[in-house]
Amino acid sequence: MKKILLSLISFVIGHLLVVFTFTRKDIILCITLIIFWFAVLVPVLSFQYSKRILKNVKRVWLYVLWHSLVIALSYLVFVITEGESYLYALIIFIWSGFWGALGAILNKSKKEEF
């Protein structure tokens with residue numbers, strides 16, 4: 001249950017941030033929030049999800065892909081009509097997947113040490 005709940009929390013955080021950003025007039029604040037979301041929140045959420053939540057899960061890689069998809073959809077749901085938004089969503093998916101895979105690999109290497 002925690003696996004799905006954290007993914008939904010990641011979706012809500014990302015979606016609220018995107019909605020807040022696109023409804024504001026201050027461009028500096030918007031750019032800062034998007035950079036913060038992309039550079040800090042997405043890696044932290046993805047890494048912690050795969051490292052802490054997916055400790056004793058058999059299909060870790062499916063959940064890593066699921067979480068990456070959910071984070072990418074949190075951006076894509078609001079801006080689905082724009083043409084380049086699919087490319088941005090793909091970049092977010094790959095970025096989130098990278099950090100999720102890194103957390104899963106580090107988690108797996110710690111299991112093998114014991």
# chains A, B, ... in the order shown; residues from 1 in each chain; ligands from 1

$ residues_around --residues "Gln48 (chain A)" --least-positions-apart "4" --cutoff "8 Å" --atoms "only C-alpha atoms" --output "ChimeraX atom specification"
/A:44,52-53,100,103

$ residues_around --residues "Gly14 (chain A)" --least-positions-apart "3" --cutoff "8 Å" --atoms "only C-alpha atoms" --output "number ranges by chain"
A: 10-11, 17-18, 37, 71, 74-75

$ atom_distance --atom1 "CA of Ala72 (chain A)" --atom2 "CA of Phe93 (chain A)"
5.1 Å

$ closest_residue --among "A:Leu76, A:Ile92, A:Leu69, A:Val60" --to "Asn107 (chain A)" --atoms "only C-alpha atoms"
A:Val60

$ residues_around --residues "Ala101 (chain A)" --least-positions-apart "3" --cutoff "8 Å" --atoms "only C-alpha atoms" --output "NGL selection string"
:A and (47 or 50 or 61 or 64 or 97-98 or 104-105)

$ select_by_dssp --residues "chain A" --states "alpha helix (DSSP H)" --output "PyMOL selection string"
chain A and resi 2-22+27-36+42-48+60-76+85-113

$ atom_distance --atom1 "CA of Ile27 (chain A)" --atom2 "CA of Tyr88 (chain A)"
18.4 Å

$ closest_residue --among "A:Leu8, A:Val57, A:Leu45, A:Val77" --to "Lys108 (chain A)" --atoms "only C-alpha atoms"
A:Val57

$ closest_residue --among "A:Leu41, A:Lys3, A:Phe20, A:Leu106" --to "Leu54 (chain A)" --atoms "only C-alpha atoms"
A:Lys3

$ atom_distance --atom1 "CA of Ser7 (chain A)" --atom2 "CA of Val70 (chain A)"
6.6 Å

$ closest_residue --among "A:Pro43, A:Phe22, A:Tyr49, A:Ile31" --to "Ile9 (chain A)" --atoms "only C-alpha atoms"
A:Tyr49

$ closest_residue --among "A:Ile34, A:Leu16, A:Val42, A:Val79" --to "His67 (chain A)" --atoms "only C-alpha atoms"
A:Val42
